[in-house]
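This is target-v4.cif (mmCIF, C-alpha atoms).
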data_coords
loop_
_atom_site.label_atom_id
_atom_site.label_comp_id
_atom_site.auth_asym_id
_atom_site.auth_seq_id
_atom_site.Cartn_x
_atom_site.Cartn_y
_atom_site.Cartn_z
CA MET K 26 106.95 -160.18 -56.50
CA THR K 27 103.57 -160.02 -54.84
CA LEU K 28 102.83 -157.63 -52.02
CA SER K 29 102.32 -160.59 -49.70
CA ALA K 30 105.76 -162.03 -50.54
CA HIS K 31 107.35 -158.59 -50.13
CA LEU K 32 105.72 -158.12 -46.70
CA LYS K 33 106.78 -161.61 -45.57
CA GLY K 34 110.35 -160.81 -46.63
CA SER K 35 110.32 -157.47 -44.81
CA ILE K 36 108.90 -159.02 -41.65
CA SER K 37 111.44 -161.84 -41.83
CA GLN K 38 114.32 -159.37 -42.17
CA SER K 39 112.96 -157.26 -39.31
CA ILE K 40 112.72 -160.29 -37.01
CA MET K 41 116.23 -161.36 -38.02
CA LYS K 42 117.59 -157.88 -37.24
CA GLN K 43 115.88 -157.94 -33.82
CA GLY K 44 117.33 -161.39 -33.10
CA THR K 45 120.81 -160.29 -34.19
CA LYS K 46 120.57 -157.19 -31.99
CA ALA K 47 119.38 -159.27 -29.02
CA ASN K 48 122.26 -161.71 -29.49
CA LYS K 49 124.79 -158.88 -29.60
CA THR K 50 123.34 -157.30 -26.46
CA GLY K 51 123.33 -160.65 -24.67
CA HIS K 52 126.97 -161.17 -25.66
CA ARG K 53 127.82 -157.75 -24.19
CA LEU K 54 126.38 -158.89 -20.86
CA GLU K 55 128.46 -162.07 -21.06
CA ASP K 56 131.55 -159.99 -21.88
CA LYS K 57 130.91 -157.79 -18.82
CA VAL K 58 130.45 -160.80 -16.55
CA GLU K 59 133.65 -162.37 -17.90
CA LYS K 60 135.60 -159.14 -17.38
CA ILE K 61 134.30 -158.73 -13.82
CA ILE K 62 135.45 -162.25 -12.95
CA THR K 63 138.82 -162.24 -14.71
CA ASP K 64 139.81 -158.74 -13.54
CA THR K 65 138.58 -159.06 -9.96
CA LEU K 66 139.80 -162.60 -9.30
CA ASN K 67 142.88 -162.25 -11.51
CA ILE K 68 142.21 -165.49 -13.41
CA SER K 69 142.09 -166.43 -17.09
CA ALA K 70 139.09 -167.35 -19.18
CA ILE K 71 139.33 -170.14 -21.73
CA ARG K 72 136.89 -172.29 -23.66
CA PHE K 73 136.01 -175.47 -21.73
CA SER K 74 137.03 -177.76 -24.58
CA GLN K 75 140.50 -176.17 -24.92
CA THR K 76 141.92 -176.98 -21.49
CA LYS K 77 141.99 -179.65 -18.82
CA VAL K 78 142.66 -177.05 -16.10
CA ARG K 79 139.86 -177.03 -13.56
CA ASP K 80 141.06 -174.72 -10.78
CA ASN K 81 141.38 -170.94 -10.64
CA ILE K 82 140.04 -170.53 -14.15
CA LEU K 83 136.88 -169.31 -15.84
CA LEU K 84 135.70 -171.86 -18.38
CA THR K 85 133.45 -170.62 -21.18
CA HIS K 86 130.84 -172.61 -23.14
CA ALA K 87 130.72 -175.15 -20.30
CA PRO K 88 128.72 -178.30 -21.10
CA TYR K 89 126.05 -179.83 -18.89
CA THR K 90 123.30 -182.40 -19.17
CA ASN K 91 119.83 -180.86 -19.12
CA ILE K 92 116.61 -182.14 -17.54
CA TYR K 93 115.85 -184.13 -20.72
CA GLY K 94 119.22 -185.91 -20.67
CA ASN K 95 120.67 -183.88 -23.56
CA THR K 96 124.44 -183.65 -23.11
CA LYS K 97 124.97 -180.94 -25.72
CA CYS K 98 123.79 -178.04 -23.55
CA ARG K 99 126.14 -175.19 -22.66
CA SER K 100 126.09 -172.44 -20.11
CA GLU K 101 128.14 -169.29 -20.52
CA PHE K 102 130.57 -170.01 -17.71
CA LEU K 103 131.85 -172.50 -15.19
CA LEU K 104 133.94 -170.70 -12.58
CA CYS K 105 136.48 -173.03 -10.98
CA TYR K 106 137.85 -171.04 -8.08
CA LYS K 107 139.51 -172.06 -4.82
CA GLY K 108 138.18 -175.61 -5.08
CA ARG K 109 134.60 -174.50 -5.87
CA LYS K 110 132.74 -174.96 -9.14
CA ILE K 111 130.07 -172.33 -9.84
CA ARG K 112 127.97 -172.51 -13.00
CA ILE K 113 126.99 -169.06 -14.34
CA GLU K 114 124.31 -168.17 -16.88
CA CYS K 115 123.48 -164.70 -18.24
CA LYS K 116 120.02 -163.64 -19.40
CA PHE K 117 119.41 -160.25 -20.98
CA GLN K 118 116.02 -158.91 -22.11
CA GLN K 119 115.86 -155.25 -23.14
CA SER K 120 112.59 -155.32 -25.08
CA ALA K 121 109.62 -157.66 -25.34
CA GLY K 122 110.75 -161.11 -26.39
CA SER K 123 111.01 -164.72 -25.37
CA VAL K 124 113.96 -164.79 -22.95
CA ASP K 125 111.69 -164.62 -19.90
CA GLU K 126 109.64 -167.54 -21.23
CA LYS K 127 112.81 -169.65 -20.97
CA LEU K 128 113.33 -168.86 -17.27
CA PRO K 129 111.30 -171.86 -15.96
CA TYR K 130 113.41 -174.19 -18.13
CA LEU K 131 116.60 -172.56 -16.86
CA TYR K 132 115.30 -172.84 -13.29
CA MET K 133 114.64 -176.57 -13.72
CA ASN K 134 118.04 -177.21 -15.31
CA PHE K 135 119.95 -175.26 -12.67
CA THR K 136 118.07 -176.67 -9.66
CA LYS K 137 117.54 -180.26 -10.87
CA ALA K 138 120.09 -181.18 -13.55
CA ILE K 139 123.47 -179.51 -13.12
CA LYS K 140 125.95 -181.30 -10.89
CA GLU K 141 127.62 -178.20 -9.44
CA LYS K 142 126.69 -177.28 -5.87
CA GLU K 143 126.50 -173.57 -6.71
CA ALA K 144 125.06 -171.59 -9.59
CA ILE K 145 124.43 -167.96 -10.44
CA ILE K 146 121.98 -166.52 -12.95
CA VAL K 147 122.72 -162.92 -13.91
CA VAL K 148 119.58 -161.19 -15.23
CA GLU K 149 119.65 -157.76 -16.82
CA GLY K 150 117.40 -155.53 -18.87
CA ASN K 151 113.99 -153.94 -18.56
CA GLY K 152 112.23 -156.05 -21.19
CA PHE K 153 111.32 -159.00 -19.02
CA LYS K 154 107.59 -159.53 -18.54
CA LYS K 155 106.27 -158.09 -15.30
CA GLY K 156 107.10 -160.44 -12.45
CA ALA K 157 109.45 -162.73 -14.42
CA LYS K 158 112.69 -161.77 -12.64
CA GLU K 159 110.93 -161.72 -9.28
CA TRP K 160 109.47 -165.19 -9.97
CA LEU K 161 112.94 -166.55 -10.75
CA ARG K 162 114.48 -164.96 -7.64
CA GLU K 163 111.72 -166.35 -5.43
CA LYS K 164 111.87 -169.86 -6.94
CA CYS K 165 115.66 -169.98 -6.53
CA SER K 166 115.76 -168.43 -3.05
CA SER K 167 115.87 -171.75 -1.22
CA THR K 168 118.11 -173.57 -3.71
CA LYS K 169 121.76 -173.68 -4.69
CA VAL K 170 121.05 -170.99 -7.31
CA SER K 171 121.53 -167.25 -6.73
CA VAL K 172 119.80 -164.77 -9.04
CA MET K 173 121.31 -161.32 -9.30
CA SER K 174 121.62 -158.21 -11.43
CA LEU K 175 124.94 -157.27 -12.98
CA ASP K 176 125.59 -154.74 -10.18
CA GLU K 177 124.79 -157.34 -7.52
CA PHE K 178 127.05 -159.82 -9.32
CA GLN K 179 129.91 -157.31 -9.39
CA SER K 180 129.57 -156.75 -5.63
CA HIS K 181 129.34 -160.50 -5.06
CA VAL K 182 132.59 -161.12 -6.94
CA ALA K 183 134.31 -158.15 -5.28
CA GLY K 184 133.30 -159.67 -1.93
CA GLY K 185 135.14 -162.89 -2.78
CA ILE K 186 132.06 -164.81 -3.97
CA PRO K 187 130.66 -165.77 -0.59
CA LYS K 188 128.78 -169.05 -0.50
CA LYS K 189 125.01 -168.84 -0.45
CA ASN K 190 124.04 -168.73 3.18
CA ILE K 191 122.42 -171.99 4.30
CA LEU K 192 120.58 -170.10 7.06
CA THR K 193 118.90 -167.95 4.40
CA LYS K 194 117.85 -171.15 2.61
CA LEU K 195 116.38 -172.63 5.81
CA ILE K 196 114.49 -169.45 6.72
CA SER K 197 113.06 -169.26 3.20
CA TRP K 198 112.10 -172.94 3.35
CA VAL K 199 110.34 -172.50 6.72
CA ASN K 200 108.52 -169.35 5.53
CA ASN K 201 107.41 -170.93 2.25
CA GLY K 202 106.39 -174.18 3.84
#

For this file, produce the structure as structure tokens.
Amino acid sequence: MTLSAHLKGSISQSIMKQGTKANKTGHRLEDKVEKIITDTLNISAIRFSQTKVRDNILLTHAPYTNIYGNTKCRSEFLLCYKGRKIRIECKFQQSAGSVDEKLPYLYMNFTKAIKEKEAIIVVEGNGFKKGAKEWLREKCSSTKVSVMSLDEFQSHVAGGIPKKNILTKLISWVNNG
């Protein structure tokens, strides 16, 4: 084996290990979000495709149609609670990577494509590029989408998941022209 082939193999394995680690860490965030919802609201979580129940349940792997018309997209959760449907997505970035580069696409899908009237994006980790989380919060501030940390999400759920205040939306809209 040539040195070049050996280096390519080593780099490939290193990238794969980083991707595997990132996936595991992202899944831990999803697990925490699921536990917060199921424990606090005393509801069950089940895969979207395995039930027809659509009230007082947390559906996982919930399908939606994206901005390109692709119907095979999934978000982590669709919370069906007290007659409301709230789509929830989790984004975790602990070290430099590409998650923050996907935020504009997520923003477009959640503000333009999903049919639910409410959505939450939970963002965690210190690896996002400078300004990425702030950009997402600012862009979503006058929309149906709330952006919050895991701690903010936990407080939000503990508070009964209050609806996003329309007055806050209007003030933001007036201030941002």

Computed gap from CA of Val172 (chain K) to CA of Ser123 (chain K) is 18.5 Å

Residues matched by the PyMOL selection byres ((chain K and resi 108) around 9), written as a list in words: Arg79, Asp80, Asn81, Cys105, Tyr106, Lys107, Arg109 and Lys110 of chain K

Name all residues at most 10 Å from Pro129 (chain K) (count all atoms listed in the file; drop same-chain ones fewer than 4 positions away) and give them as a PDB file with C-alpha atoms, in the frame of the given file.
ATOM      1  CA  ASP K 125     111.690-164.620 -19.900  1.00  0.00           C
ATOM      2  CA  MET K 133     114.640-176.570 -13.720  1.00  0.00           C
ATOM      3  CA  ASN K 134     118.040-177.210 -15.310  1.00  0.00           C
ATOM      4  CA  PHE K 135     119.950-175.260 -12.670  1.00  0.00           C
ATOM      5  CA  ALA K 157     109.450-162.730 -14.420  1.00  0.00           C
ATOM      6  CA  TRP K 160     109.470-165.190  -9.970  1.00  0.00           C
ATOM      7  CA  LEU K 161     112.940-166.550 -10.750  1.00  0.00           C
ATOM      8  CA  LYS K 164     111.870-169.860  -6.940  1.00  0.00           C
TER       9      LYS K 164
END

Centre, x/y/z edge lengths, axis-aligned box for region 154-161 of chain K with 6 Å per side, as JSON:
{"center_x": 109.6, "center_y": -162.3, "center_z": -13.9, "size_x": 18.7, "size_y": 20.5, "size_z": 21.3}

Worksheet entry | From K:Ile139, K:Leu131, K:Ile145, K:Val124, residue lying nearest Ile111 (chain K) [all atoms listed in the file] |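 The answer is K:Ile145, which sits nearest to Ile111 (chain K).
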
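The gap separating CA of Ala87 (chain K) from CA of Thr65 (chain K) is 20.7 Å, in Å to one decimal.
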
*List the neighbours of Gly94 (chain K) out to 12 Å using only C-alpha atoms; skip same-chain residues closer than 4 positions along the sequence, and give me the result as a PyMOL selection string.*
chain K and resi 89-90+98+134+137-139

Students should find that CA of Gly185 (chain K) and CA of Asn91 (chain K) are spaced 28.7 Å
